[in-house]
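upload29.cif (mmCIF, C-alpha atoms)
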```
data_model
#
loop_
_atom_site.group_PDB
_atom_site.id
_atom_site.type_symbol
_atom_site.label_atom_id
_atom_site.label_comp_id
_atom_site.auth_asym_id
_atom_site.auth_seq_id
_atom_site.Cartn_x
_atom_site.Cartn_y
_atom_site.Cartn_z
ATOM 1 C CA MET F 1 -1.498 -9.098 15.833
ATOM 2 C CA VAL F 2 -0.549 -7.810 12.386
ATOM 3 C CA ASP F 3 0.082 -4.316 11.037
ATOM 4 C CA ILE F 4 -0.270 -2.315 7.851
ATOM 5 C CA LEU F 5 2.849 -0.212 7.206
ATOM 6 C CA HIS F 6 3.509 2.597 4.742
ATOM 7 C CA ARG F 7 6.063 5.320 4.036
ATOM 8 C CA VAL F 8 5.740 8.404 1.883
ATOM 9 C CA GLY F 9 8.020 11.412 1.488
ATOM 10 C CA ILE F 10 6.394 14.791 0.991
ATOM 11 C CA LYS F 11 8.043 17.959 -0.251
ATOM 12 C CA SER F 12 6.450 20.118 2.407
ATOM 13 C CA SER F 13 7.219 21.199 5.963
ATOM 14 C CA LEU F 14 6.586 18.966 8.961
ATOM 15 C CA ASP F 15 4.202 21.637 10.267
ATOM 16 C CA GLU F 16 2.085 21.490 7.118
ATOM 17 C CA VAL F 17 1.979 17.695 7.160
ATOM 18 C CA TYR F 18 1.036 17.730 10.827
ATOM 19 C CA LYS F 19 -1.763 20.214 10.107
ATOM 20 C CA ALA F 20 -3.176 17.935 7.407
ATOM 21 C CA LEU F 21 -3.229 15.069 9.923
ATOM 22 C CA SER F 22 -4.500 16.912 12.955
ATOM 23 C CA THR F 23 -7.243 19.270 11.767
ATOM 24 C CA ARG F 24 -10.681 18.478 10.439
ATOM 25 C CA ASP F 25 -10.162 20.625 7.357
ATOM 26 C CA GLY F 26 -6.816 18.961 6.685
ATOM 27 C CA LEU F 27 -8.231 15.444 6.973
ATOM 28 C CA ALA F 28 -11.239 16.325 4.814
ATOM 29 C CA ALA F 29 -8.919 17.512 2.049
ATOM 30 C CA TRP F 30 -7.122 14.198 1.505
ATOM 31 C CA TRP F 31 -9.118 11.441 3.238
ATOM 32 C CA THR F 32 -12.888 11.910 3.421
ATOM 33 C CA ASN F 33 -14.732 15.090 2.578
ATOM 34 C CA ASN F 34 -17.298 14.141 5.166
ATOM 35 C CA THR F 35 -15.147 14.429 8.298
ATOM 36 C CA GLN F 36 -16.600 15.620 11.567
ATOM 37 C CA GLY F 37 -15.234 16.076 15.038
ATOM 38 C CA GLU F 38 -12.607 17.966 16.931
ATOM 39 C CA SER F 39 -8.855 17.577 16.939
ATOM 40 C CA LYS F 40 -7.881 17.371 20.561
ATOM 41 C CA VAL F 41 -6.579 14.559 22.689
ATOM 42 C CA GLY F 42 -9.573 12.553 23.875
ATOM 43 C CA GLY F 43 -11.743 13.892 21.053
ATOM 44 C CA VAL F 44 -13.308 11.744 18.345
ATOM 45 C CA PHE F 45 -13.230 12.218 14.580
ATOM 46 C CA ARG F 46 -15.965 10.669 12.467
ATOM 47 C CA PHE F 47 -15.173 9.793 8.851
ATOM 48 C CA SER F 48 -18.079 8.864 6.600
ATOM 49 C CA ALA F 49 -16.833 7.073 3.519
ATOM 50 C CA GLY F 50 -19.640 7.660 1.042
ATOM 51 C CA GLY F 51 -20.078 5.126 -1.742
ATOM 52 C CA SER F 52 -17.687 2.640 -0.191
ATOM 53 C CA ASP F 53 -18.399 -0.715 1.412
ATOM 54 C CA VAL F 54 -16.415 0.394 4.428
ATOM 55 C CA GLY F 55 -19.050 2.881 5.580
ATOM 56 C CA GLY F 56 -17.842 5.177 8.334
ATOM 57 C CA PHE F 57 -15.572 4.987 11.320
ATOM 58 C CA ASP F 58 -14.784 6.876 14.476
ATOM 59 C CA MET F 59 -11.246 7.593 15.610
ATOM 60 C CA LYS F 60 -10.401 8.672 19.126
ATOM 61 C CA VAL F 61 -7.376 10.970 19.238
ATOM 62 C CA LEU F 62 -4.878 9.480 21.712
ATOM 63 C CA GLU F 63 -1.787 11.596 21.004
ATOM 64 C CA LEU F 64 -0.984 14.847 19.221
ATOM 65 C CA HIS F 65 2.666 15.926 19.135
ATOM 66 C CA PRO F 66 3.014 18.850 16.719
ATOM 67 C CA ALA F 67 5.278 18.109 13.744
ATOM 68 C CA LYS F 68 6.140 14.709 15.255
ATOM 69 C CA ARG F 69 3.406 12.207 15.906
ATOM 70 C CA VAL F 70 -0.336 11.548 15.805
ATOM 71 C CA LEU F 71 -2.010 8.478 17.289
ATOM 72 C CA TRP F 72 -5.645 7.432 16.954
ATOM 73 C CA GLN F 73 -7.642 4.447 18.124
ATOM 74 C CA VAL F 74 -10.633 3.185 16.196
ATOM 75 C CA VAL F 75 -13.665 3.204 18.490
ATOM 76 C CA ASP F 76 -16.388 2.480 15.932
ATOM 77 C CA GLY F 77 -16.535 1.254 12.329
ATOM 78 C CA PRO F 78 -15.892 -2.055 10.564
ATOM 79 C CA ALA F 79 -15.628 -4.868 13.133
ATOM 80 C CA GLU F 80 -12.035 -5.659 12.108
ATOM 81 C CA TRP F 81 -10.992 -2.062 12.779
ATOM 82 C CA ILE F 82 -12.402 -1.596 16.260
ATOM 83 C CA GLY F 83 -9.618 -1.421 18.818
ATOM 84 C CA THR F 84 -6.864 -1.078 16.215
ATOM 85 C CA LYS F 85 -4.543 1.926 16.362
ATOM 86 C CA ILE F 86 -3.323 4.211 13.612
ATOM 87 C CA SER F 87 -0.048 6.028 14.125
ATOM 88 C CA TRP F 88 1.686 8.710 12.079
ATOM 89 C CA GLU F 89 5.359 9.429 12.733
ATOM 90 C CA LEU F 90 6.869 12.487 11.054
ATOM 91 C CA LYS F 91 10.527 13.316 10.480
ATOM 92 C CA GLN F 92 12.660 15.404 8.185
ATOM 93 C CA ASP F 93 14.952 13.749 5.640
ATOM 94 C CA GLY F 94 16.609 16.284 3.346
ATOM 95 C CA GLU F 95 13.927 18.188 1.470
ATOM 96 C CA TYR F 96 11.279 15.628 2.397
ATOM 97 C CA SER F 97 8.919 15.271 5.328
ATOM 98 C CA ILE F 98 8.812 11.528 5.844
ATOM 99 C CA VAL F 99 5.557 9.987 7.038
ATOM 100 C CA LEU F 100 5.776 6.561 8.650
ATOM 101 C CA PHE F 101 2.289 5.157 8.872
ATOM 102 C CA LYS F 102 1.142 2.175 10.875
ATOM 103 C CA HIS F 103 -2.364 0.702 11.217
ATOM 104 C CA GLN F 104 -1.618 -1.747 13.946
ATOM 105 C CA ASP F 105 -3.079 -4.587 15.965
ATOM 106 C CA TRP F 106 -5.314 -6.258 13.401
ATOM 107 C CA LYS F 107 -6.350 -9.595 14.908
ATOM 108 C CA GLU F 108 -5.969 -11.563 11.670
ATOM 109 C CA PRO F 109 -4.580 -10.889 8.158
ATOM 110 C CA VAL F 110 -8.065 -11.151 6.626
ATOM 111 C CA GLU F 111 -8.858 -10.268 3.011
ATOM 112 C CA PHE F 112 -10.282 -6.928 4.162
ATOM 113 C CA MET F 113 -6.879 -6.105 5.645
ATOM 114 C CA HIS F 114 -5.318 -6.628 2.200
ATOM 115 C CA HIS F 115 -7.841 -4.150 0.786
ATOM 116 C CA CYS F 116 -7.253 -1.591 3.527
ATOM 117 C CA SER F 117 -3.485 -1.788 3.082
ATOM 118 C CA THR F 118 -3.731 -0.852 -0.602
ATOM 119 C CA LYS F 119 -6.358 1.782 0.123
ATOM 120 C CA TRP F 120 -4.182 3.425 2.799
ATOM 121 C CA ALA F 121 -1.391 3.742 0.229
ATOM 122 C CA ILE F 122 -3.823 5.500 -2.095
ATOM 123 C CA PHE F 123 -4.859 7.915 0.664
ATOM 124 C CA LEU F 124 -1.233 8.583 1.629
ATOM 125 C CA MET F 125 -0.567 9.512 -1.988
ATOM 126 C CA SER F 126 -3.616 11.800 -1.771
ATOM 127 C CA LEU F 127 -2.056 13.429 1.323
ATOM 128 C CA LYS F 128 1.214 13.849 -0.588
ATOM 129 C CA SER F 129 -0.615 15.352 -3.539
ATOM 130 C CA LEU F 130 -2.580 17.747 -1.329
ATOM 131 C CA LEU F 131 0.594 19.128 0.211
ATOM 132 C CA GLU F 132 2.676 19.226 -2.949
ATOM 133 C CA THR F 133 0.053 20.439 -5.437
ATOM 134 C CA GLY F 134 -2.756 21.862 -3.290
ATOM 135 C CA LYS F 135 -5.168 19.140 -4.388
ATOM 136 C CA GLY F 136 -5.883 15.810 -2.714
ATOM 137 C CA ALA F 137 -8.319 13.088 -3.785
ATOM 138 C CA PRO F 138 -10.465 12.449 -0.707
ATOM 139 C CA ASN F 139 -13.524 10.203 -0.649
ATOM 140 C CA PRO F 140 -15.868 10.267 -2.551
ATOM 141 C CA ASN F 141 -13.367 11.278 -5.250
ATOM 142 C CA ASP F 142 -10.728 8.807 -4.120
ATOM 143 C CA ILE F 143 -9.066 6.416 -6.558
ATOM 144 C CA LYS F 144 -10.915 3.093 -6.569
ATOM 145 C CA ILE F 145 -8.830 -0.045 -6.188
ATOM 146 C CA ASP F 146 -11.301 -2.935 -6.303
ATOM 147 C CA ASN F 147 -14.964 -3.951 -5.971
ATOM 148 C CA TRP F 148 -14.909 -2.905 -2.317
ATOM 149 C CA ASN F 149 -14.003 0.536 -3.596
ATOM 150 C CA MET C 1 8.003 -12.670 10.510
ATOM 151 C CA VAL C 2 5.843 -9.904 9.061
ATOM 152 C CA ASP C 3 4.052 -9.536 5.741
ATOM 153 C CA ILE C 4 3.017 -6.878 3.268
ATOM 154 C CA LEU C 5 -0.560 -7.442 2.070
ATOM 155 C CA HIS C 6 -2.533 -5.879 -0.765
ATOM 156 C CA ARG C 7 -5.756 -6.401 -2.727
ATOM 157 C CA VAL C 8 -6.773 -4.952 -6.061
ATOM 158 C CA GLY C 9 -9.710 -5.759 -8.333
ATOM 159 C CA ILE C 10 -9.128 -5.641 -12.060
ATOM 160 C CA LYS C 11 -11.756 -5.543 -14.789
ATOM 161 C CA SER C 12 -10.026 -8.154 -16.880
ATOM 162 C CA SER C 13 -9.988 -11.939 -17.174
ATOM 163 C CA LEU C 14 -8.032 -14.151 -14.793
ATOM 164 C CA ASP C 15 -6.083 -15.409 -17.805
ATOM 165 C CA GLU C 16 -4.959 -11.897 -18.732
ATOM 166 C CA VAL C 17 -3.962 -11.090 -15.148
ATOM 167 C CA TYR C 18 -2.043 -14.344 -14.925
ATOM 168 C CA LYS C 19 -0.233 -13.547 -18.168
ATOM 169 C CA ALA C 20 0.853 -10.160 -16.804
ATOM 170 C CA LEU C 21 2.281 -11.923 -13.730
ATOM 171 C CA SER C 22 3.893 -14.889 -15.401
ATOM 172 C CA THR C 23 5.556 -13.629 -18.575
ATOM 173 C CA ARG C 24 8.565 -11.391 -18.998
ATOM 174 C CA ASP C 25 6.701 -9.054 -21.348
ATOM 175 C CA GLY C 26 3.796 -8.857 -18.923
ATOM 176 C CA LEU C 27 6.020 -8.032 -15.945
ATOM 177 C CA ALA C 28 7.993 -5.480 -17.955
ATOM 178 C CA ALA C 29 4.773 -3.649 -18.826
ATOM 179 C CA TRP C 30 3.732 -2.839 -15.243
ATOM 180 C CA TRP C 31 6.740 -3.410 -12.957
ATOM 181 C CA THR C 32 10.168 -2.795 -14.449
ATOM 182 C CA ASN C 33 10.907 -2.258 -18.113
ATOM 183 C CA ASN C 34 14.241 -3.915 -17.544
ATOM 184 C CA THR C 35 13.065 -7.449 -16.769
ATOM 185 C CA GLN C 36 15.073 -10.463 -17.814
ATOM 186 C CA GLY C 37 14.681 -14.173 -17.357
ATOM 187 C CA GLU C 38 12.316 -16.992 -18.112
ATOM 188 C CA SER C 39 8.913 -17.785 -16.693
ATOM 189 C CA LYS C 40 9.084 -21.409 -15.669
ATOM 190 C CA VAL C 41 9.142 -23.127 -12.315
ATOM 191 C CA GLY C 42 12.740 -23.111 -11.106
ATOM 192 C CA GLY C 43 13.646 -20.218 -13.418
ATOM 193 C CA VAL C 44 14.810 -16.821 -12.210
ATOM 194 C CA PHE C 45 13.563 -13.369 -13.197
ATOM 195 C CA ARG C 46 15.878 -10.405 -12.818
ATOM 196 C CA PHE C 47 14.339 -6.966 -12.294
ATOM 197 C CA SER C 48 16.636 -3.950 -12.573
ATOM 198 C CA ALA C 49 15.030 -0.922 -10.990
ATOM 199 C CA GLY C 50 16.808 1.945 -12.693
ATOM 200 C CA GLY C 51 17.004 5.251 -10.841
ATOM 201 C CA SER C 52 15.808 3.772 -7.581
ATOM 202 C CA ASP C 53 17.707 3.139 -4.359
ATOM 203 C CA VAL C 54 16.458 -0.432 -4.397
ATOM 204 C CA GLY C 55 18.653 -1.471 -7.328
ATOM 205 C CA GLY C 56 17.754 -4.851 -8.741
ATOM 206 C CA PHE C 57 16.535 -8.180 -7.480
ATOM 207 C CA ASP C 58 16.249 -11.755 -8.591
ATOM 208 C CA MET C 59 13.114 -13.800 -8.101
ATOM 209 C CA LYS C 60 13.057 -17.567 -8.364
ATOM 210 C CA VAL C 61 9.743 -18.889 -9.661
ATOM 211 C CA LEU C 62 8.475 -21.491 -7.179
ATOM 212 C CA GLU C 63 4.901 -22.000 -8.397
ATOM 213 C CA LEU C 64 2.893 -21.225 -11.516
ATOM 214 C CA HIS C 65 -0.791 -22.217 -11.521
ATOM 215 C CA PRO C 66 -2.483 -20.640 -14.551
ATOM 216 C CA ALA C 67 -5.258 -18.189 -13.647
ATOM 217 C CA LYS C 68 -4.833 -19.091 -9.960
ATOM 218 C CA ARG C 69 -1.526 -18.520 -8.264
ATOM 219 C CA VAL C 70 2.078 -17.405 -8.713
ATOM 220 C CA LEU C 71 4.785 -17.756 -6.068
ATOM 221 C CA TRP C 72 8.323 -16.370 -6.149
ATOM 222 C CA GLN C 73 11.210 -16.359 -3.724
ATOM 223 C CA VAL C 74 13.732 -13.547 -3.652
ATOM 224 C CA VAL C 75 17.195 -15.017 -4.186
ATOM 225 C CA ASP C 76 19.178 -11.789 -4.652
ATOM 226 C CA GLY C 77 18.600 -8.089 -4.071
ATOM 227 C CA PRO C 78 18.253 -5.835 -1.017
ATOM 228 C CA ALA C 79 19.387 -7.719 2.110
ATOM 229 C CA GLU C 80 15.948 -7.412 3.725
ATOM 230 C CA TRP C 81 14.338 -9.082 0.710
ATOM 231 C CA ILE C 82 16.516 -12.151 0.398
ATOM 232 C CA GLY C 83 14.615 -15.273 1.368
ATOM 233 C CA THR C 84 11.235 -13.524 1.456
ATOM 234 C CA LYS C 85 8.408 -14.855 -0.704
ATOM 235 C CA ILE C 86 5.955 -13.035 -2.926
ATOM 236 C CA SER C 87 2.633 -14.680 -3.652
ATOM 237 C CA TRP C 88 -0.170 -13.739 -5.993
ATOM 238 C CA GLU C 89 -3.585 -15.362 -5.549
ATOM 239 C CA LEU C 90 -6.185 -14.796 -8.255
ATOM 240 C CA LYS C 91 -9.944 -15.295 -8.090
ATOM 241 C CA GLN C 92 -13.066 -14.058 -9.795
ATOM 242 C CA ASP C 93 -15.545 -11.819 -7.965
ATOM 243 C CA GLY C 94 -18.308 -10.578 -10.238
ATOM 244 C CA GLU C 95 -16.788 -8.578 -13.082
ATOM 245 C CA TYR C 96 -13.451 -8.292 -11.268
ATOM 246 C CA SER C 97 -10.368 -10.445 -11.171
ATOM 247 C CA ILE C 98 -9.250 -10.097 -7.571
ATOM 248 C CA VAL C 99 -5.517 -10.137 -6.858
ATOM 249 C CA LEU C 100 -4.463 -10.983 -3.317
ATOM 250 C CA PHE C 101 -0.825 -10.059 -2.926
ATOM 251 C CA LYS C 102 1.512 -11.061 -0.130
ATOM 252 C CA HIS C 103 5.210 -10.227 0.312
ATOM 253 C CA GLN C 104 5.864 -12.457 3.250
ATOM 254 C CA ASP C 105 8.461 -13.420 5.810
ATOM 255 C CA TRP C 106 10.200 -10.112 6.389
ATOM 256 C CA LYS C 107 12.362 -10.551 9.469
ATOM 257 C CA GLU C 108 11.545 -7.150 10.981
ATOM 258 C CA PRO C 109 9.108 -4.303 10.207
ATOM 259 C CA VAL C 110 11.974 -1.973 9.257
ATOM 260 C CA GLU C 111 11.488 1.438 7.661
ATOM 261 C CA PHE C 112 12.360 -0.041 4.267
ATOM 262 C CA MET C 113 9.416 -2.420 4.653
ATOM 263 C CA HIS C 114 7.116 0.586 5.098
ATOM 264 C CA HIS C 115 8.491 1.987 1.831
ATOM 265 C CA CYS C 116 8.116 -1.305 -0.038
ATOM 266 C CA SER C 117 4.534 -1.718 1.159
ATOM 267 C CA THR C 118 3.496 1.619 -0.336
ATOM 268 C CA LYS C 119 5.519 0.977 -3.468
ATOM 269 C CA TRP C 120 3.898 -2.414 -4.029
ATOM 270 C CA ALA C 121 0.486 -0.706 -3.901
ATOM 271 C CA ILE C 122 1.673 1.678 -6.606
ATOM 272 C CA PHE C 123 2.851 -1.214 -8.780
ATOM 273 C CA LEU C 124 -0.393 -3.122 -8.240
ATOM 274 C CA MET C 125 -2.258 -0.049 -9.467
ATOM 275 C CA SER C 126 0.097 -0.040 -12.464
ATOM 276 C CA LEU C 127 -0.859 -3.682 -13.111
ATOM 277 C CA LYS C 128 -4.545 -2.736 -12.865
ATOM 278 C CA SER C 129 -4.020 0.166 -15.244
ATOM 279 C CA LEU C 130 -2.145 -1.993 -17.740
ATOM 280 C CA LEU C 131 -4.977 -4.499 -17.914
ATOM 281 C CA GLU C 132 -7.842 -2.006 -17.895
ATOM 282 C CA THR C 133 -6.375 0.688 -20.148
ATOM 283 C CA GLY C 134 -3.492 -1.005 -21.977
ATOM 284 C CA LYS C 135 -0.919 1.199 -20.245
ATOM 285 C CA GLY C 136 1.009 0.511 -17.038
ATOM 286 C CA ALA C 137 3.593 2.700 -15.325
ATOM 287 C CA PRO C 138 6.620 0.416 -14.872
ATOM 288 C CA ASN C 139 10.025 1.554 -13.601
ATOM 289 C CA PRO C 140 11.634 3.907 -14.592
ATOM 290 C CA ASN C 141 8.304 5.664 -15.256
ATOM 291 C CA ASP C 142 6.746 4.507 -11.995
ATOM 292 C CA ILE C 143 5.060 6.950 -9.620
ATOM 293 C CA LYS C 144 7.550 8.112 -6.993
ATOM 294 C CA ILE C 145 6.454 7.943 -3.367
ATOM 295 C CA ASP C 146 9.397 9.264 -1.343
ATOM 296 C CA ASN C 147 13.140 10.024 -1.357
ATOM 297 C CA TRP C 148 13.883 6.332 -1.801
ATOM 298 C CA ASN C 149 11.886 6.588 -5.007
#
```

Representation of the structure as structure tokens:
Amino acid sequence: MVDILHRVGIKSSLDEVYKALSTRDGLAAWWTNNTQGESKVGGVFRFSAGGSDVGGFDMKVLELHPAKRVLWQVVDGPAEWIGTKISWELKQDGEYSIVLFKHQDWKEPVEFMHHCSTKWAIFLMSLKSLLETGKGAPNPNDIKIDNWN
Amino acid sequence: MVDILHRVGIKSSLDEVYKALSTRDGLAAWWTNNTQGESKVGGVFRFSAGGSDVGGFDMKVLELHPAKRVLWQVVDGPAEWIGTKISWELKQDGEYSIVLFKHQDWKEPVEFMHHCSTKWAIFLMSLKSLLETGKGAPNPNDIKIDNWN
């Protein structure tokens, strides 16, 4: 099993970062405009990534700890993603809210995992931008990184 | 052992991408302005990351295969980096030069590894920008991601 890891620091409160990770409107503002579902433990979010080779994916919400932690499991989407988990750990460090991101339990370090790792960094920077400037760059206006989008 | 993986696609020739990865002037234009050393197998590059908590690091060039592959080993720098390897695989896919990046053999998935993973994505996008627009964003003008810079 292999993991994608990232860390960003955001000049915003933990509560605001948590809101952007745990509400449909928050997620739609930095990740994919076309986000559907309900933010509650046991609920499922659906993200439709228009114009990308990835298509869409469904995340089941496993944990929601306000201002601390969010955990999802992928229940539908690209074959390599199904069963993997995505965790968000939040903590304060000086004037920054630190986000420790992990997309864990990939079976193999396939080429698609390389792509997703870079793309997650781009989306984390979109999250940072949303909270610091009021404007994210969610799909379909996300920054393109390669021919897989 | 754990690895950082990334993939970007660059609208440029494999030769141009290779040049940006294998010459001091190329590296200085997307990674760190303050790059010293010689690009030959067995040689060592020194990158001084001004204004960052990371400081500097020395990379020994282990392999240079024009338009195909570059491999370095970290011989000095942050403790977590020493002994790790950084590989760059290049291949053509349609109009894109695909870069498969791996920073491999980290001992543990420490918080600093999370930071470096995101930061590598930022530098790979700087490499892409350099080759597609003529302008990268090397240190000290690199995009900042967190309180570690």

Using all atoms listed in the file, tabulate the residues of segment 71-116 of chain C lying at most 9 Å from any atom of segment 36-51 of chain C, each with its closest atom pair and that distance in Å to one decimal, by chain and increasing residue number, as CSV.
```
residue,atom,partner,partner_atom,distance
C:Trp72,CA,C:Val44,CA,8.9
C:Val75,CA,C:Val44,CA,8.6
C:Asp76,CA,C:Arg46,CA,8.9
```

Item checked: Result set of the PyMOL selection byres ((chain C and resi 98) around 10) on the coordinates above, as a ChimeraX atom specification -> /F:146-147 /C:7-14,17,88-97,99-101

Item checked: Spatial neighbours of Ile122 of chain F, 10 Å, all atoms listed in the file, chain gap at least 2 places, as a PyMOL selection string -> (chain F and resi 30-31+116-120+124-128+137-138+142-145) or (chain C and resi 118+121-122+125)

Could you write those residues out with C-alpha atoms, as a tab-separated table (two decimals), in the coordinates of the input?
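The resulting selection-v4.tsv:
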```tsv
chain	number	residue	atom	x	y	z
F	30	TRP	CA	-7.12	14.20	1.50
F	31	TRP	CA	-9.12	11.44	3.24
F	116	CYS	CA	-7.25	-1.59	3.53
F	117	SER	CA	-3.48	-1.79	3.08
F	118	THR	CA	-3.73	-0.85	-0.60
F	119	LYS	CA	-6.36	1.78	0.12
F	120	TRP	CA	-4.18	3.42	2.80
F	124	LEU	CA	-1.23	8.58	1.63
F	125	MET	CA	-0.57	9.51	-1.99
F	126	SER	CA	-3.62	11.80	-1.77
F	127	LEU	CA	-2.06	13.43	1.32
F	128	LYS	CA	1.21	13.85	-0.59
F	137	ALA	CA	-8.32	13.09	-3.78
F	138	PRO	CA	-10.46	12.45	-0.71
F	142	ASP	CA	-10.73	8.81	-4.12
F	143	ILE	CA	-9.07	6.42	-6.56
F	144	LYS	CA	-10.92	3.09	-6.57
F	145	ILE	CA	-8.83	-0.04	-6.19
C	118	THR	CA	3.50	1.62	-0.34
C	121	ALA	CA	0.49	-0.71	-3.90
C	122	ILE	CA	1.67	1.68	-6.61
C	125	MET	CA	-2.26	-0.05	-9.47
```

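Going from atom CA of Asp58 of chain C over to atom CA of Gly136 of chain C, you cover 21.3 Å.
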
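The closest residue to Ile86 of chain F, picked from F:Lys68, F:Lys107, F:Leu62, F:Asp15 and counting only C-alpha atoms, is F:Leu62.
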
Next item on the list: Find the residues near Ser87 of chain F: any atom within 12 Å, counting all atoms listed in the file, skip ones fewer than 2 places away on the same chain, and give them as number ranges by chain.
Entry: F: 3-7, 21-22, 59-65, 68-74, 84-85, 89-90, 99-105

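Between atom CA of Trp106 of chain C and atom CA of Ile82 of chain C the separation is 8.9 Å.
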
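One distance worth recording is that between atom CA of Thr23 of chain F and atom CA of Ala67 of chain F, which is 12.7 Å.
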
Please define a box with edges along x, y and z of the file around all atoms of segment 82-89 of chain F given in the file, extend it by 4 Å on each side, and return its centre and edge lengths in Å to one decimal, as JSON.
```
{"center_x": -3.5, "center_y": 3.9, "center_z": 15.4, "size_x": 25.8, "size_y": 19.0, "size_z": 14.7}
```

Notebook entry, point to check: If we count only C-alpha atoms, what is near Ala29 of chain C at a cut-off of 8 Å, once residues fewer than 3 positions away on the same chain are taken out, given as a ChimeraX atom specification?
Noted result: /C:20,25-26,32-33,130,135-138

Next item on the list: Determine the residue membership of the PyMOL selection byres ((chain C and resi 77) around 6) for the file above and supply it as a PyMOL selection string.
Entry: chain C and resi 56-57+76+78

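Proximity of F:Thr133, F:His114, F:Asn139, F:Lys19 to chain C, computed with all atoms listed in the file, is greatest for F:His114.
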
Using the atoms already present, construct N, CA and C atoms for segment 73-85 of chain C and hand them back as a compact mmCIF listing (two decimals), in the frame of the given file.
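So the final result, stored in rebuild.txt, reads:
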```
# COMPACT_ATOMS: atom_id res chain seq x y z
N GLN C 73 10.34 -16.62 -4.88
CA GLN C 73 11.21 -16.36 -3.72
C GLN C 73 12.35 -15.45 -4.16
N VAL C 74 12.65 -14.48 -3.33
CA VAL C 74 13.73 -13.55 -3.65
C VAL C 74 15.06 -14.23 -3.35
N VAL C 75 15.91 -14.34 -4.39
CA VAL C 75 17.20 -15.02 -4.19
C VAL C 75 18.37 -14.05 -4.22
N ASP C 76 18.13 -12.82 -4.72
CA ASP C 76 19.18 -11.79 -4.65
C ASP C 76 18.50 -10.43 -4.70
N GLY C 77 19.17 -9.43 -4.10
CA GLY C 77 18.60 -8.09 -4.07
C GLY C 77 18.88 -7.43 -2.73
N PRO C 78 18.04 -6.48 -2.31
CA PRO C 78 18.25 -5.84 -1.02
C PRO C 78 18.30 -6.90 0.09
N ALA C 79 19.18 -6.71 1.06
CA ALA C 79 19.39 -7.72 2.11
C ALA C 79 18.08 -8.12 2.77
N GLU C 80 17.21 -7.12 3.01
CA GLU C 80 15.95 -7.41 3.72
C GLU C 80 15.01 -8.29 2.91
N TRP C 81 15.23 -8.32 1.59
CA TRP C 81 14.34 -9.08 0.71
C TRP C 81 14.76 -10.54 0.56
N ILE C 82 16.03 -10.81 0.74
CA ILE C 82 16.52 -12.15 0.40
C ILE C 82 15.86 -13.21 1.29
N GLY C 83 15.30 -14.20 0.65
CA GLY C 83 14.62 -15.27 1.37
C GLY C 83 13.12 -15.03 1.52
N THR C 84 12.68 -13.78 1.35
CA THR C 84 11.24 -13.52 1.46
C THR C 84 10.52 -14.12 0.24
N LYS C 85 9.21 -14.31 0.39
CA LYS C 85 8.41 -14.86 -0.70
C LYS C 85 7.32 -13.86 -1.12
```
